[in-house]
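**Q** Mind having a look at this structure? Questions to follow.
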Amino acid sequence: MPRTLRTAVSLALPVFMLAGAQAQQAPDFSKVEIKASRLADDFYTLEGQGGTISVLVGPDGVLLVDSQFAPLTDKLHAAIKKLSDQPIRYLINTHVHGDHTGGNENFAKLGATLLSRDQLRYRLAHPSPAADGTPGKPAPAKALPSITYDGPVTIHIDGEEVRLLPIRQAHTDGDTLVHFVKHDVLAVGDYYRSVGYPLVDLNNGGSLKGLLEGLGATIGLAGPNTRIVPGHGPITDRNGVIRQRDLLLAVRDKIAPLVAQGKTLDEVIAAKPTAEFDAQVPQAAQSAERFVRWLYAELKAGR
């Protein structure tokens with residue numbers, strides 16, 4: 001690994017140590033309720049614990065985007081059966097994180113065919129070590145997508161064109177944008193969230209450059225009426241993604257000269273480079289320092 005990249009990852013470790021600590025405080029899944037929201041007669045989102053799931057239903061079967069955590073599969077399946085009596089045919093993973101892929105094995109056992117980027121499947125099978133060096137636990141064989149891709153793919157189902165578009169090295173190195181063409185809906189996973197500041201997982205191949213390119217691609221694809229389903233937070237539109245892209249650039253441009261001056265990470269955090277934006281960002285308090293740590297790591301490494 002190049003020295004600059006090692007530096008970036010080591011600087012970012014406190015971010016993922018925090019994430020790991022939060023993950024260890026496992027929620028009580030028995031208390032999680034699944035909320036279904038209707039976007040069209042044949043298109044819904046499901047919220048529970050973890051990433052938002054998109055659901056396309058119709059006579060050809062059900063297509064899902066992401067699977068949340070494994071303990072929620074029964075509840076999710078029950079919610080899906082209220083929307084359609086057809087079998088679940090396809091499950092697309094937007095990225096590798098467990099709150100989006102944890103239910104893979106369960107849905108595969110229910111008959112779903114799993115799809116993802118090549119890189120995502122590899123990372124499920126060969127997970128990166130934890131921040132403290134603990135080896136990752138490989139996903140079970142049935143949790144691994146059986147169809148993978150590294151270029152655009154189209155699924156024709158239920159009268160819809162579902163386009164799977166790779167977003168490279170953004171939130172992770174295995175992100176996918178899922179474009180429901182006729183519904184004018186984009187399901188984007190975690191490279192765009194409508195709550196909190198942006199987050200890149202350096203340990204799983206994400207990057208600032210890739211995130212900016214992914215946001216730009218989404219803005220370019222979205223029209224004035226496009227609905228954008230983020231990995232977390234309320235559904236938004238093109239303007240919401242533009243605001244986040246512009247915010248990201250503005251905070252980067254505040255931190256870059258501080259890094260150039262040789263300021264330490266603690267000094268940059270103390271300078272509060274997100275202060276003017278905090279009131280605009282839901283959950284800013286929980287995510288601002290993590291955001292600054294990540295940008296500092298990238299800029300310090302010259303990426």
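By order in the structure tokens, chains are A, B, ...; within a chain, residues start at 1; ligands start at 1, following the order shown.
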Please identify which residues in range 46-180 of chain A DSSP calls alpha helix (DSSP H) from the backbone, and express them as a list in words.

**A**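 The alpha helix (DSSP H) subset of range 46-180 of chain A is Thr73, Asp74, Lys75, Leu76, His77, Ala78, Ala79, Ile80, Lys81, Lys82, Leu83, Gly98, Asp99, His100, Thr101, Asn104, Glu105, Asn106, Phe107, Ala108, Lys109, Asp118, Gln119, Leu120, Arg121, Tyr122, Arg123, Leu124 and Ala125 of chain A.
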
**Q** The selected residues should be written to file as a short mmCIF file (atom, residue, chain, number, x, y, z; two decimals), in the first residue's frame (atoms: N, CA and C atoms).

**A**
```cif
data_model
loop_
_atom_site.label_atom_id
_atom_site.label_comp_id
_atom_site.auth_asym_id
_atom_site.auth_seq_id
_atom_site.Cartn_x
_atom_site.Cartn_y
_atom_site.Cartn_z
N THR A 73 -35.25 -9.91 8.55
CA THR A 73 -35.76 -10.48 7.31
C THR A 73 -37.22 -10.92 7.43
N ASP A 74 -37.58 -11.58 8.52
CA ASP A 74 -38.97 -12.04 8.67
C ASP A 74 -39.93 -10.86 8.64
N LYS A 75 -39.58 -9.79 9.34
CA LYS A 75 -40.45 -8.62 9.35
C LYS A 75 -40.52 -7.97 7.97
N LEU A 76 -39.37 -7.89 7.30
CA LEU A 76 -39.34 -7.31 5.96
C LEU A 76 -40.15 -8.17 4.98
N HIS A 77 -39.99 -9.49 5.09
CA HIS A 77 -40.72 -10.38 4.20
C HIS A 77 -42.23 -10.25 4.42
N ALA A 78 -42.64 -10.13 5.66
CA ALA A 78 -44.06 -9.95 5.96
C ALA A 78 -44.58 -8.64 5.35
N ALA A 79 -43.76 -7.57 5.43
CA ALA A 79 -44.15 -6.29 4.85
C ALA A 79 -44.24 -6.38 3.34
N ILE A 80 -43.31 -7.12 2.73
CA ILE A 80 -43.31 -7.27 1.27
C ILE A 80 -44.55 -8.06 0.82
N LYS A 81 -44.93 -9.08 1.59
CA LYS A 81 -46.08 -9.89 1.22
C LYS A 81 -47.38 -9.08 1.26
N LYS A 82 -47.39 -8.00 2.02
CA LYS A 82 -48.56 -7.11 2.03
C LYS A 82 -48.64 -6.29 0.74
N LEU A 83 -47.49 -6.14 0.07
CA LEU A 83 -47.43 -5.36 -1.17
C LEU A 83 -47.63 -6.21 -2.40
N GLY A 98 -23.06 -3.86 6.29
CA GLY A 98 -23.97 -4.86 6.81
C GLY A 98 -25.41 -4.42 6.97
N ASP A 99 -25.63 -3.11 7.12
CA ASP A 99 -27.02 -2.65 7.23
C ASP A 99 -27.71 -2.60 5.87
N HIS A 100 -26.97 -2.96 4.82
CA HIS A 100 -27.53 -3.07 3.47
C HIS A 100 -27.43 -4.48 2.91
N THR A 101 -26.55 -5.30 3.47
CA THR A 101 -26.33 -6.66 2.95
C THR A 101 -26.58 -7.76 3.97
N ASN A 104 -28.86 -10.72 3.13
CA ASN A 104 -28.64 -11.40 1.85
C ASN A 104 -28.92 -12.90 1.91
N GLU A 105 -28.30 -13.56 2.88
CA GLU A 105 -28.43 -15.01 2.96
C GLU A 105 -29.89 -15.42 3.12
N ASN A 106 -30.60 -14.71 3.98
CA ASN A 106 -32.00 -15.05 4.23
C ASN A 106 -32.84 -14.89 2.97
N PHE A 107 -32.62 -13.78 2.25
CA PHE A 107 -33.42 -13.56 1.04
C PHE A 107 -33.03 -14.54 -0.06
N ALA A 108 -31.76 -14.93 -0.11
CA ALA A 108 -31.36 -15.95 -1.08
C ALA A 108 -32.08 -17.26 -0.80
N LYS A 109 -32.23 -17.60 0.48
CA LYS A 109 -32.95 -18.83 0.84
C LYS A 109 -34.43 -18.74 0.49
N ASP A 118 -18.67 -6.50 -8.79
CA ASP A 118 -17.63 -7.49 -8.51
C ASP A 118 -16.94 -7.19 -7.19
N GLN A 119 -16.63 -5.90 -6.99
CA GLN A 119 -15.87 -5.49 -5.81
C GLN A 119 -16.63 -5.76 -4.52
N LEU A 120 -17.94 -5.58 -4.55
CA LEU A 120 -18.75 -5.81 -3.36
C LEU A 120 -18.72 -7.29 -2.98
N ARG A 121 -18.91 -8.15 -3.98
CA ARG A 121 -18.88 -9.59 -3.69
C ARG A 121 -17.53 -9.98 -3.09
N TYR A 122 -16.44 -9.45 -3.65
CA TYR A 122 -15.11 -9.77 -3.14
C TYR A 122 -14.99 -9.33 -1.68
N ARG A 123 -15.47 -8.16 -1.36
CA ARG A 123 -15.32 -7.66 0.01
C ARG A 123 -16.19 -8.42 0.99
N LEU A 124 -17.34 -8.91 0.56
CA LEU A 124 -18.13 -9.77 1.44
C LEU A 124 -17.37 -11.07 1.74
N ALA A 125 -16.72 -11.61 0.71
CA ALA A 125 -15.99 -12.87 0.88
C ALA A 125 -14.64 -12.68 1.56
#
```

**Q** Which residues are close to Ile88 in chain A, i.e. within 7 Å by only C-alpha atoms, leaving aside same-chain residues fewer than 6 positions away? Reply as a PyMOL selection string.

**A** chain A and resi 61-63+111-112

**Q** Quick one: DSSP strand (DSSP E) residues in range 93-278 of chain A, as a ChimeraX atom specification?

**A** /A:113-117,147-149,153-157,160-167,175-180,185-189,227-230

**Q** Filtering to C-alpha atoms, could you give me those residues as a CSV table (one decimal), in the first residue's frame?

**A**
```
chain,number,residue,atom,x,y,z
A,113,THR,CA,-31.1,-13.9,-7.0
A,114,LEU,CA,-28.5,-11.6,-5.6
A,115,LEU,CA,-26.7,-9.0,-7.8
A,116,SER,CA,-23.8,-6.6,-7.0
A,117,ARG,CA,-20.6,-5.1,-8.3
A,147,ILE,CA,-24.5,-12.3,-10.5
A,148,THR,CA,-21.8,-9.6,-10.5
A,149,TYR,CA,-20.9,-6.8,-12.9
A,153,VAL,CA,-26.6,-3.8,-16.5
A,154,THR,CA,-30.3,-3.6,-17.2
A,155,ILE,CA,-33.0,-5.9,-15.7
A,156,HIS,CA,-36.3,-5.9,-17.5
A,157,ILE,CA,-39.0,-6.8,-15.0
A,160,GLU,CA,-39.7,-1.5,-15.9
A,161,GLU,CA,-36.1,-1.0,-17.0
A,162,VAL,CA,-34.0,-1.3,-13.9
A,163,ARG,CA,-30.5,0.0,-14.8
A,164,LEU,CA,-27.6,-0.8,-12.5
A,165,LEU,CA,-24.9,1.8,-12.9
A,166,PRO,CA,-21.5,1.5,-11.2
A,167,ILE,CA,-20.4,4.4,-9.0
A,175,ASP,CA,-21.3,1.2,-5.1
A,176,THR,CA,-24.2,0.9,-7.5
A,177,LEU,CA,-26.8,3.5,-8.5
A,178,VAL,CA,-30.1,1.8,-9.3
A,179,HIS,CA,-32.2,3.7,-11.9
A,180,PHE,CA,-35.8,2.8,-12.3
A,185,VAL,CA,-36.5,7.0,-9.4
A,186,LEU,CA,-32.9,6.7,-8.4
A,187,ALA,CA,-31.9,4.4,-5.4
A,188,VAL,CA,-28.3,5.5,-4.5
A,189,GLY,CA,-27.3,3.7,-1.3
A,227,ARG,CA,-37.2,11.1,-6.8
A,228,ILE,CA,-33.9,10.1,-5.2
A,229,VAL,CA,-34.0,7.4,-2.5
A,230,PRO,CA,-30.9,7.8,-0.3
```

**Q** Which distance in Å separates CA of Phe29 in chain A and CA of Asp132 in chain A, to one decimal?

**A**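 Distance between the two atoms: 26.5 Å.
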
**Q** Tell me which protein, DNA and RNA residues are within 10 Å of Gly233 in chain A, counting only C-alpha atoms, leaving out same-chain ones fewer than 5 positions away, and put them as a ChimeraX atom specification.

**A** /A:47,51-52,192-196,282

**Q** Store the residues picked out above, limited to C-alpha atoms, as a PDB file, in the first residue's frame.

**A**
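Output file again_22.pdb follows:
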```pdb
ATOM      1  CA  GLU A  47     -37.604   1.562   6.434  1.00  0.00           C
ATOM      2  CA  GLY A  51     -30.502   1.266   4.836  1.00  0.00           C
ATOM      3  CA  THR A  52     -33.753   2.112   3.095  1.00  0.00           C
ATOM      4  CA  TYR A 192     -25.726  10.098  -0.832  1.00  0.00           C
ATOM      5  CA  ARG A 193     -27.596  10.385   2.462  1.00  0.00           C
ATOM      6  CA  SER A 194     -30.156  13.057   3.258  1.00  0.00           C
ATOM      7  CA  VAL A 195     -29.272  12.971   6.978  1.00  0.00           C
ATOM      8  CA  GLY A 196     -25.871  13.783   8.450  1.00  0.00           C
ATOM      9  CA  PRO A 282     -30.019  16.891  10.056  1.00  0.00           C
TER      10      PRO A 282
END
```

**Q** CA of Tyr191 in chain A and CA of Val259 in chain A are how many Å apart?

**A**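 Interatomic distance, CA of Tyr191 in chain A to CA of Val259 in chain A: 24.5 Å.
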
**Q** Write out, as CSV, each residue of range 99-179 of chain A that has an atom at most 7 Å from range 207-223 of chain A, together with the closest pair of atoms and their distance in Å to one decimal, counting only C-alpha atoms, rows going by chain and rising number.

**A**
```
residue,atom,partner,partner_atom,distance
A:Ile167,CA,A:Gly214,CA,5.6
A:Arg168,CA,A:Gly210,CA,5.9
A:Gln169,CA,A:Gly210,CA,4.8
A:Ala170,CA,A:Leu211,CA,3.9
A:His171,CA,A:Leu211,CA,6.2
```

**Q** Show which residues sit within 12 Å of Ala288 in chain A, as a ChimeraX atom specification. Count only C-alpha atoms, and ignore same-chain residues fewer than 3 positions away.

**A** /A:15,195-199,248,251,269-270,272-285,291-295

**Q** Between CA of Asp173 in chain A and CA of Gly205 in chain A, what distance in Å does the model show, to one decimal?

**A**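 Between CA of Asp173 in chain A and CA of Gly205 in chain A the gap works out to 4.6 Å.
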
**Q** When you count only C-alpha atoms, which of these residues is closest to Pro71 in chain A: A:Ala250, A:Val32, A:Ala297, A:Val268?

**A**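 Distance minimum relative to Pro71 in chain A lands on A:Val32.
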
**Q** Of the candidates A:Thr134, A:Thr45, A:Ser128, A:Gln286, which one gets nearest to Leu202 in chain A if we count only C-alpha atoms?

**A**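 Closest to Leu202 in chain A, using only C-alpha atoms: A:Ser128.
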
**Q** Excluding Pro27 in chain A and any residue of its chain fewer than 6 positions from it, enumerate the residues within 12 Å of it, using only C-alpha atoms, and give them as a list in words.

**A**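 Within the cut-off, the hits are Gly48, Gln49, Gly50, Phe69, Pro71, Leu72 and Asp99 of chain A.
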